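K.L.:
Take a look at target09.csv, CSV, C-alpha atoms:
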```csv
chain,number,residue,atom,x,y,z
A,16,MET,CA,407.1,19.0,73.0
A,17,SER,CA,409.4,18.1,70.2
A,18,GLY,CA,406.8,17.7,67.5
A,19,LEU,CA,408.2,14.3,66.7
A,20,PRO,CA,406.1,11.2,67.4
A,21,ALA,CA,407.2,8.8,70.1
A,22,ALA,CA,407.7,5.2,69.3
A,23,PRO,CA,405.6,2.7,71.2
A,24,SER,CA,408.6,1.9,73.3
A,25,GLY,CA,408.7,5.5,74.6
A,26,GLN,CA,412.0,6.3,72.9
A,27,PRO,CA,412.1,9.4,70.7
A,28,LEU,CA,411.8,8.6,67.0
A,29,THR,CA,414.7,10.0,65.0
A,30,GLY,CA,415.0,8.1,61.8
A,31,THR,CA,413.4,5.7,59.4
A,32,ALA,CA,414.6,2.7,61.3
A,33,LEU,CA,411.8,2.9,63.8
A,34,VAL,CA,409.1,3.8,61.3
A,35,ASP,CA,407.9,0.3,60.9
A,36,ASP,CA,407.4,0.0,64.7
A,37,LEU,CA,404.8,2.7,64.6
A,38,ARG,CA,401.1,2.1,64.7
A,39,TYR,CA,399.4,4.0,61.9
A,40,ALA,CA,396.0,5.6,62.3
A,41,GLY,CA,393.2,4.0,60.4
A,42,LEU,CA,390.2,5.4,58.6
A,43,ALA,CA,387.7,5.5,61.5
A,44,THR,CA,390.2,7.3,63.8
A,45,ARG,CA,391.0,9.9,61.2
A,46,VAL,CA,387.3,10.4,60.4
A,47,VAL,CA,386.6,11.1,64.1
A,48,SER,CA,389.5,13.4,64.3
A,49,PHE,CA,388.4,15.3,61.2
A,50,LEU,CA,384.8,15.5,62.6
A,51,VAL,CA,386.2,17.2,65.8
A,52,ASP,CA,388.2,19.6,63.7
A,53,ALA,CA,385.2,20.3,61.4
A,54,ALA,CA,383.0,21.0,64.5
A,55,LEU,CA,385.5,23.3,65.9
A,56,ILE,CA,385.9,25.3,62.7
A,57,THR,CA,382.1,25.4,62.2
A,58,VAL,CA,381.6,26.8,65.7
A,59,VAL,CA,384.1,29.5,65.2
A,60,ASP,CA,382.8,30.4,61.8
A,61,VAL,CA,379.2,30.5,63.0
A,62,VAL,CA,380.1,32.8,65.9
A,63,VAL,CA,382.1,35.1,63.5
A,64,GLY,CA,379.4,34.9,60.9
A,65,VAL,CA,376.6,35.7,63.2
A,66,GLY,CA,378.6,38.6,64.7
A,67,ALA,CA,379.3,40.0,61.3
A,68,ALA,CA,375.7,39.6,60.2
A,69,LEU,CA,374.5,41.4,63.3
A,70,ILE,CA,376.9,44.3,62.6
A,71,LEU,CA,375.9,44.5,59.0
A,72,SER,CA,372.2,44.4,59.9
A,73,VAL,CA,372.4,47.8,61.6
A,74,LEU,CA,374.4,49.3,58.8
A,75,HIS,CA,372.8,50.5,55.6
A,76,ILE,CA,374.9,48.7,53.0
A,77,PRO,CA,374.0,48.5,49.3
A,78,HIS,CA,373.0,45.1,48.0
A,79,GLU,CA,376.0,44.9,45.7
A,80,LEU,CA,378.4,45.6,48.6
A,81,ARG,CA,376.6,42.9,50.6
A,82,THR,CA,377.3,40.4,47.8
A,83,ILE,CA,381.0,41.4,47.8
A,84,LEU,CA,381.1,41.0,51.5
A,85,ALA,CA,379.6,37.6,51.3
A,86,VAL,CA,382.2,36.6,48.8
A,87,ILE,CA,384.9,37.9,51.0
A,88,GLY,CA,383.4,36.0,54.0
A,89,ALA,CA,383.3,32.8,52.0
A,90,ALA,CA,386.9,33.3,50.9
A,91,ALA,CA,387.9,34.0,54.5
A,92,PHE,CA,386.1,30.8,55.6
A,93,VAL,CA,388.1,28.7,53.0
A,94,LEU,CA,391.4,30.4,53.8
A,95,GLY,CA,390.8,30.1,57.5
A,96,SER,CA,390.1,26.4,57.2
A,97,ILE,CA,393.2,25.9,55.1
A,98,LEU,CA,395.3,27.9,57.5
A,99,TYR,CA,393.9,25.9,60.4
A,100,PHE,CA,395.1,22.6,59.0
A,101,VAL,CA,398.4,23.9,57.5
A,102,ILE,CA,399.5,25.6,60.7
A,103,PHE,CA,398.7,22.7,63.0
A,104,TRP,CA,400.2,20.0,60.6
A,105,SER,CA,403.4,22.0,60.1
A,106,THR,CA,403.9,22.9,63.7
A,107,THR,CA,402.9,20.3,66.2
A,108,GLY,CA,401.6,17.8,63.6
A,109,GLN,CA,398.4,17.6,65.6
A,110,THR,CA,395.1,19.5,65.0
A,111,PRO,CA,392.9,19.7,68.1
A,112,GLY,CA,390.9,16.8,66.7
A,113,ALA,CA,394.1,14.8,66.2
A,114,ARG,CA,395.1,15.6,69.8
A,115,VAL,CA,391.9,14.3,71.1
A,116,MET,CA,392.4,11.1,69.1
A,117,GLN,CA,396.1,11.0,69.9
A,118,ILE,CA,397.3,10.8,66.3
A,119,ARG,CA,399.9,12.9,64.5
A,120,VAL,CA,400.7,13.8,61.0
A,121,THR,CA,404.4,13.3,60.1
A,122,SER,CA,406.5,13.2,57.0
A,123,ALA,CA,407.3,9.7,55.6
A,124,ASP,CA,410.6,9.7,57.6
A,125,ALA,CA,408.8,10.6,60.8
A,126,ALA,CA,410.0,14.2,60.8
A,127,ARG,CA,407.9,17.3,61.0
A,128,VAL,CA,405.8,18.2,58.0
A,129,LYS,CA,407.0,21.2,56.1
A,130,PRO,CA,404.5,24.0,55.4
A,131,ARG,CA,404.5,23.4,51.6
A,132,TRP,CA,403.8,19.8,52.1
A,133,ALA,CA,401.1,20.7,54.6
A,134,VAL,CA,399.5,22.9,51.9
A,135,ALA,CA,399.8,20.0,49.4
A,136,ARG,CA,398.2,17.7,51.9
A,137,CYS,CA,395.3,20.1,52.3
A,138,ILE,CA,394.8,20.2,48.6
A,139,GLY,CA,395.1,16.4,48.6
A,140,VAL,CA,392.3,16.1,51.1
A,141,VAL,CA,390.0,18.1,48.9
A,142,LEU,CA,391.0,16.1,45.8
A,143,ALA,CA,390.5,12.8,47.7
A,144,ALA,CA,387.0,13.8,48.7
A,145,LEU,CA,385.9,15.0,45.3
A,146,PRO,CA,385.4,11.5,43.7
A,147,LEU,CA,382.9,10.4,46.3
A,148,PHE,CA,385.7,10.1,48.9
A,149,ALA,CA,387.5,7.5,46.8
A,150,GLY,CA,390.8,9.1,47.6
A,151,PHE,CA,390.5,7.8,51.2
A,152,VAL,CA,389.9,4.2,50.3
A,153,PRO,CA,393.6,3.3,50.0
A,154,ILE,CA,393.9,3.9,53.8
A,155,LEU,CA,392.2,0.5,54.1
A,156,PHE,CA,394.7,-1.3,52.0
A,157,ASP,CA,398.0,0.5,52.2
A,158,SER,CA,400.6,-1.0,54.6
A,159,ARG,CA,401.1,2.4,56.2
A,160,ARG,CA,397.4,3.3,56.0
A,161,ARG,CA,398.1,6.2,53.6
A,162,GLY,CA,395.4,7.9,51.6
A,163,PHE,CA,395.7,10.0,48.5
A,164,GLN,CA,396.6,13.1,50.5
A,165,ASP,CA,399.3,11.2,52.3
A,166,TRP,CA,400.7,9.9,49.0
A,167,LEU,CA,400.6,13.4,47.5
A,168,ALA,CA,402.3,15.1,50.5
A,169,ARG,CA,404.5,12.2,51.4
A,170,THR,CA,403.1,12.0,54.9
A,171,THR,CA,401.8,9.4,57.3
A,172,VAL,CA,399.4,9.6,60.2
A,173,VAL,CA,400.7,7.8,63.3
A,174,GLU,CA,399.4,7.1,66.7
A,175,ALA,CA,400.9,9.5,69.3
A,176,PRO,CA,399.9,8.5,72.8
A,177,GLY,CA,400.6,11.2,75.3
A,178,PRO,CA,399.4,12.6,78.6
A,179,SER,CA,395.8,13.5,78.7
A,180,ILE,CA,394.5,17.0,79.5
A,181,ALA,CA,393.7,15.9,83.1
A,182,ASP,CA,397.2,14.5,83.5
A,183,VAL,CA,398.7,17.7,82.2
A,184,SER,CA,396.5,19.7,84.6
A,185,ARG,CA,397.5,17.5,87.5
A,186,ALA,CA,401.2,17.7,86.7
A,187,LYS,CA,401.0,21.5,86.5
A,188,LYS,CA,399.2,21.7,89.9
A,189,ARG,CA,401.7,19.3,91.4
A,190,ALA,CA,404.6,21.4,90.1
A,191,ILE,CA,403.1,24.6,91.5
A,192,ARG,CA,402.5,23.0,94.9
A,193,GLU,CA,406.0,21.7,95.1
A,194,ALA,CA,407.4,25.0,94.0
A,195,SER,CA,405.5,26.8,96.7
A,196,ARG,CA,406.7,24.3,99.4
A,197,GLN,CA,410.4,25.0,98.6
A,198,PRO,CA,412.0,27.5,101.0
A,199,PRO,CA,412.9,30.9,99.6
A,200,PRO,CA,416.5,31.2,98.4
A,201,VAL,CA,418.9,32.6,101.0
A,202,VAL,CA,420.3,35.9,99.9
A,203,PRO,CA,424.0,36.2,101.0
A,204,ARG,CA,424.8,39.3,102.9
B,18,MET,CA,356.3,25.9,167.7
B,19,SER,CA,356.0,23.0,170.1
B,20,ALA,CA,359.8,22.6,170.1
B,21,ASP,CA,360.1,26.3,171.1
B,22,ARG,CA,357.6,25.7,173.8
B,23,ARG,CA,359.4,22.6,174.9
B,24,GLY,CA,362.7,24.5,174.8
B,25,THR,CA,361.3,27.3,176.8
B,26,PHE,CA,359.8,24.9,179.2
B,27,ARG,CA,363.1,23.1,179.6
B,28,LEU,CA,365.3,26.2,179.9
B,29,GLY,CA,363.0,27.8,182.4
B,30,PRO,CA,364.6,30.7,184.1
B,31,LEU,CA,367.8,30.2,182.1
B,32,GLY,CA,366.0,31.1,178.9
B,33,PRO,CA,366.7,34.8,178.9
B,34,LEU,CA,370.3,34.1,179.7
B,35,VAL,CA,370.6,31.7,176.8
B,36,GLY,CA,369.0,34.2,174.5
B,37,LEU,CA,371.4,36.8,175.7
B,38,GLY,CA,374.3,34.5,175.0
B,39,THR,CA,373.0,33.6,171.6
B,40,ARG,CA,372.7,37.3,170.7
B,41,ALA,CA,376.2,37.9,172.0
B,42,ALA,CA,377.6,35.0,170.0
B,43,THR,CA,375.8,36.2,166.9
B,44,ALA,CA,377.1,39.7,167.3
B,45,THR,CA,380.6,38.4,167.9
B,46,LEU,CA,380.6,36.0,165.0
B,47,ARG,CA,378.9,38.3,162.5
B,48,PRO,CA,382.2,40.0,161.4
B,49,ILE,CA,383.9,36.7,161.2
B,50,ALA,CA,381.1,35.3,159.0
B,51,GLY,CA,381.4,38.4,156.8
B,52,VAL,CA,385.2,37.9,156.6
B,53,VAL,CA,384.6,34.2,155.7
B,54,GLU,CA,382.0,35.1,153.1
B,55,ALA,CA,384.3,37.7,151.6
B,56,ALA,CA,387.1,35.2,151.6
B,57,ALA,CA,384.9,32.7,149.8
B,58,ASP,CA,383.9,35.3,147.2
B,59,VAL,CA,387.5,36.2,146.7
B,60,GLY,CA,388.3,32.5,146.4
B,61,VAL,CA,385.6,31.9,143.8
B,62,SER,CA,386.7,35.0,141.8
B,63,LEU,CA,390.3,33.9,142.0
B,64,GLU,CA,389.3,30.4,140.8
B,65,ARG,CA,387.4,31.8,137.9
B,66,ARG,CA,390.2,34.1,136.9
B,67,VAL,CA,392.6,31.2,137.1
B,68,VAL,CA,390.4,29.0,135.0
B,69,ASN,CA,389.9,31.8,132.5
B,70,ARG,CA,393.6,32.4,132.3
B,71,VAL,CA,394.3,28.7,131.9
B,72,LEU,CA,391.7,28.4,129.1
B,73,ASP,CA,393.0,31.5,127.4
B,74,SER,CA,396.7,30.6,127.6
B,75,ASP,CA,398.5,28.4,125.2
B,76,GLU,CA,399.6,26.2,128.0
B,77,LEU,CA,396.4,24.2,128.0
B,78,GLU,CA,396.7,23.6,124.3
B,79,ARG,CA,400.3,22.5,124.8
B,80,VAL,CA,399.3,20.2,127.6
B,81,VAL,CA,396.5,18.7,125.6
B,82,VAL,CA,398.8,18.2,122.6
B,83,VAL,CA,401.5,16.7,124.7
B,84,ALA,CA,398.9,14.4,126.4
B,85,VAL,CA,397.5,13.3,123.1
B,86,ASN,CA,400.9,12.8,121.6
B,87,SER,CA,402.1,10.9,124.6
B,88,ALA,CA,402.8,7.3,123.8
B,89,HIS,CA,401.7,6.2,127.2
B,90,ILE,CA,398.3,7.8,126.9
B,91,GLN,CA,397.8,6.6,123.4
B,92,ALA,CA,398.8,3.1,124.4
B,93,ALA,CA,396.4,3.3,127.4
B,94,LEU,CA,393.5,4.6,125.2
B,95,LYS,CA,394.2,1.9,122.6
B,96,GLN,CA,394.3,-0.7,125.3
B,97,ALA,CA,391.1,0.6,126.8
B,98,LEU,CA,389.3,0.7,123.5
B,99,GLU,CA,390.4,-2.8,122.6
B,100,SER,CA,389.4,-4.2,125.9
B,101,ASP,CA,386.5,-6.5,126.3
B,102,GLY,CA,385.0,-4.2,128.9
B,103,VAL,CA,384.5,-1.3,126.5
B,104,ALA,CA,383.1,-3.6,123.8
B,105,GLN,CA,380.6,-5.1,126.3
B,106,LEU,CA,379.7,-1.6,127.5
B,107,ILE,CA,379.0,-0.5,123.9
B,108,ASP,CA,377.1,-3.7,123.2
B,109,SER,CA,375.0,-3.3,126.3
B,110,LEU,CA,374.3,0.3,125.4
B,111,PHE,CA,372.9,-0.7,122.1
B,112,ASP,CA,371.1,-3.8,123.4
B,113,SER,CA,369.4,-1.7,126.1
B,114,GLY,CA,367.5,0.1,123.4
B,115,LEU,CA,368.4,3.4,124.9
B,116,ILE,CA,369.8,4.8,121.7
B,117,ASP,CA,366.8,3.6,119.7
B,118,ARG,CA,364.5,5.2,122.2
B,119,PHE,CA,366.5,8.4,122.1
B,120,LEU,CA,366.6,8.5,118.3
B,121,ALA,CA,362.9,7.7,118.1
B,122,GLY,CA,362.1,10.4,120.6
B,123,LEU,CA,364.2,12.9,118.8
B,124,VAL,CA,362.5,12.2,115.5
B,125,ASP,CA,359.0,12.0,117.0
B,126,SER,CA,359.3,15.2,119.0
B,127,GLY,CA,359.9,17.2,115.9
B,128,THR,CA,363.0,18.7,117.4
B,129,LEU,CA,365.0,17.4,114.4
B,130,ASP,CA,362.6,19.0,111.9
B,131,ARG,CA,362.7,22.3,113.8
B,132,PHE,CA,366.5,22.2,114.0
B,133,PHE,CA,366.8,21.6,110.2
B,134,ASP,CA,364.2,24.3,109.5
B,135,ARG,CA,366.1,26.8,111.6
B,136,LEU,CA,369.4,25.6,110.0
B,137,LEU,CA,368.1,26.1,106.5
B,138,THR,CA,366.8,29.6,107.3
B,139,SER,CA,370.0,30.7,109.0
B,140,GLU,CA,372.1,33.0,106.9
B,141,GLY,CA,375.3,31.6,108.4
B,142,LEU,CA,374.7,28.2,106.8
B,143,TRP,CA,374.4,29.7,103.3
B,144,ASN,CA,377.4,31.8,103.9
B,145,LEU,CA,379.3,28.7,104.8
B,146,ILE,CA,378.0,26.9,101.8
B,147,ASP,CA,379.1,29.8,99.6
B,148,GLU,CA,382.5,29.8,101.1
B,149,ILE,CA,382.9,26.1,100.6
B,150,ALA,CA,381.5,26.2,97.0
B,151,GLY,CA,383.9,29.1,96.2
B,152,SER,CA,386.9,27.6,97.8
B,153,PRO,CA,389.8,26.9,95.4
B,154,ALA,CA,390.0,23.3,96.6
B,155,VAL,CA,386.4,22.5,95.7
B,156,THR,CA,386.6,24.3,92.3
B,157,ALA,CA,389.8,22.5,91.6
B,158,ALA,CA,388.2,19.1,92.5
B,159,ILE,CA,385.2,19.8,90.3
B,160,SER,CA,387.3,20.9,87.3
B,161,GLN,CA,389.6,17.8,87.9
B,162,GLN,CA,386.5,15.6,87.9
B,163,GLY,CA,385.3,17.2,84.7
B,164,LEU,CA,388.6,16.7,83.0
B,165,GLY,CA,388.7,13.1,84.3
B,166,PHE,CA,385.3,12.5,82.8
B,167,ALA,CA,386.4,14.0,79.4
B,168,ASP,CA,389.4,11.8,79.6
B,169,GLN,CA,387.3,8.7,80.1
B,170,VAL,CA,385.1,9.7,77.2
B,171,GLY,CA,388.2,10.3,75.0
B,172,ASP,CA,389.7,7.0,76.0
B,173,GLN,CA,386.5,5.2,75.1
B,174,VAL,CA,386.2,6.9,71.7
B,175,ARG,CA,389.9,6.2,70.9
B,176,ASP,CA,389.6,2.6,71.9
B,177,ARG,CA,386.5,2.1,69.8
B,178,SER,CA,387.9,4.0,66.8
B,179,ARG,CA,391.0,1.8,66.9
B,180,LYS,CA,389.0,-1.3,66.9
B,181,ALA,CA,386.9,0.1,64.0
B,182,ASP,CA,390.1,0.8,62.1
B,183,ASP,CA,391.3,-2.8,62.4
B,184,TRP,CA,387.8,-4.2,61.7
B,185,MET,CA,387.4,-2.0,58.5
B,186,GLU,CA,390.8,-2.9,57.3
B,187,ARG,CA,390.3,-6.6,57.8
B,188,ALA,CA,386.9,-6.4,56.1
B,189,ALA,CA,388.3,-4.5,53.1
B,190,ARG,CA,391.2,-6.8,52.7
B,191,ARG,CA,389.0,-9.9,52.9
B,192,LEU,CA,386.8,-8.3,50.2
B,193,ILE,CA,389.6,-8.3,47.8
B,194,GLY,CA,391.1,-11.5,49.0
B,195,ARG,CA,394.3,-10.1,50.6
B,196,GLN,CA,395.8,-11.3,53.8
B,197,PRO,CA,395.2,-9.2,56.9
B,198,ARG,CA,398.1,-6.8,57.7
B,199,ALA,CA,400.3,-7.8,60.7
B,200,LEU,CA,399.7,-5.1,63.3
B,201,PRO,CA,402.5,-3.9,65.6
B,202,ALA,CA,402.0,-4.7,69.3
B,203,GLU,CA,399.8,-2.4,71.3
B,204,PRO,CA,401.9,0.1,73.3
B,205,ASP,CA,401.8,-0.3,77.1
B,206,ALA,CA,399.4,1.8,79.0
B,207,GLY,CA,401.0,5.0,80.2
B,208,THR,CA,403.7,5.1,77.6
```
Do you think you could lay out the structure here as structure tokens?
P.N.:
Amino acid sequence: MSGLPAAPSGQPLTGTALVDDLRYAGLATRVVSFLVDAALITVVDVVVGVGAALILSVLHIPHELRTILAVIGAAAFVLGSILYFVIFWSTTGQTPGARVMQIRVTSADAARVKPRWAVARCIGVVLAALPLFAGFVPILFDSRRRGFQDWLARTTVVEAPGPSIADVSRAKKRAIREASRQPPPVVPR
Amino acid sequence: MSADRRGTFRLGPLGPLVGLGTRAATATLRPIAGVVEAAADVGVSLERRVVNRVLDSDELERVVVVAVNSAHIQAALKQALESDGVAQLIDSLFDSGLIDRFLAGLVDSGTLDRFFDRLLTSEGLWNLIDEIAGSPAVTAAISQQGLGFADQVGDQVRDRSRKADDWMERAARRLIGRQPRALPAEPDAGT
């Protein structure tokens, strides 16, 4: 996987010339994608939190220390969430939610997002949500469906249709089957 | 009894002579009969051994395979199955009500119930079901079906969210009096 989005024609996207041919993801698709990511993060955090609480419940820890641990846990939650988005955006351009919705975050020239811009985008999402989510409204009007966070991090969110999980699974099985059918290589004496 | 009397009456004085001859013939033929009986036993035993050897050998399988694969036999079977005679025979079999009576008798007799009861209580059946359920082919098919279902749900969600995107954008632009944005063409399915 190159990490670059594919143009609707199937050709690899390598420059700004094809940027206008892309279909940009709209507000509803991005909201659904974010909900999937939020659900995933929440499930992981709940499992980790319950585990930590169970361990702490059998230990005799002073109240002050418990408060400090709670602060550390909250910080870890925030840091983990930021890392989740930053790592996915700056590597594949797709979080699991974005993969489900087949969309991808790219830089304005359709290249991979650099980590510092991914961090900026993460901050931009928080800033966009603070004024009653007003920062997301420009997605409805902008020609490239960019919100405040996209404007801040110079990114766009494009549709990235690809093979489904079932297709990938089928292709893997087919490859394994074909590999097993091939005769073993003849070793020269 | 009367026949004996009649025979005795007819033979008269020759009766003892005939009896003697009969006994002599019996005594003479007894070894021959034993030989014949032994030969028959040997023949039956030999026949069984031959049949067993034929059944155990690969030759029978080869012959059956060759026969089944034979173009002539296949053509003959096909011709026979396609002939009107076979069709009439099958029709007459069904029309005669024999099969209906057989099935009705089978169900009414309770044989079928007893068969299924015994089948369900047999350990072999459940072992077979366990084997089938645990086979890689079945698990692969189930997981593939699950993934296929997830794909279908994903496709539906994506399709609807795309429509919602366009609808929200149009509504927002209409609200502020702007022209709707020209959307690029939908990519072909599978690309």
K.L.:
Write out, as CSV, each residue of chain B that has an atom at most 7 Å from chain A, together with the closest pair of atoms and their distance in Å to one decimal, counting all atoms listed in the file, rows going by chain and rising number.
P.N.:
```
residue,atom,partner,partner_atom,distance
B:Gln161,CA,A:Ala181,CA,6.6
B:Leu164,CA,A:Ala181,CA,5.2
B:Gly165,CA,A:Ala181,CA,5.9
B:Asp168,CA,A:Ser179,CA,6.7
B:Gly171,CA,A:Val115,CA,6.7
B:Arg175,CA,A:Met116,CA,5.8
B:Ser178,CA,A:Thr44,CA,5.0
B:Arg179,CA,A:Thr44,CA,6.4
B:Ala181,CA,A:Ala43,CA,6.0
B:Asp182,CA,A:Gly41,CA,4.8
B:Met185,CA,A:Leu155,CA,7.0
B:Glu186,CA,A:Leu155,CA,4.9
B:Ala189,CA,A:Leu155,CA,6.4
B:Arg190,CA,A:Phe156,CA,6.6
B:Pro201,CA,A:Arg38,CA,6.2
B:Pro204,CA,A:Pro23,CA,5.0
B:Thr208,CA,A:Gly25,CA,5.8
```
K.L.:
What gap, in Å, lies between atom CA of Leu120 of chain B and atom CA of Val103 of chain B?
P.N.:
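If I compute the distance from atom CA of Leu120 of chain B to atom CA of Val103 of chain B, I get 22.0 Å.
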K.L.:
Mind pulling up the distance from atom CA of Gly60 of chain B to atom CA of Ala44 of chain B?
P.N.:
24.8 Å
K.L.:
Of the candidates A:Ser122, A:Ser72, A:Thr107, A:Ser96, which shows the shortest atom-to-atom distance to Ile138 of chain A, using all atoms listed in the file?
P.N.:
A:Ser96
K.L.:
Can you work out which one of A:Val173, A:Val141, A:Ala53, A:Val62 has the shortest atom-to-atom distance to Ala125 of chain A, counting only C-alpha atoms?
P.N.:
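Closest to Ala125 of chain A of all the choices is A:Val173.
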K.L.:
Which residue gives the smallest distance to Ile102 of chain A among A:Leu142, A:Ala133, A:Ile191, A:Val51, with all atoms listed in the file counted?
P.N.:
A:Ala133
K.L.:
For a test of reading the model, state the distance in Å between atom CA of Arg196 of chain A and atom CA of Thr156 of chain B, rounded to one decimal.
P.N.:
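Separation between atom CA of Arg196 of chain A and atom CA of Thr156 of chain B: 21.3 Å.
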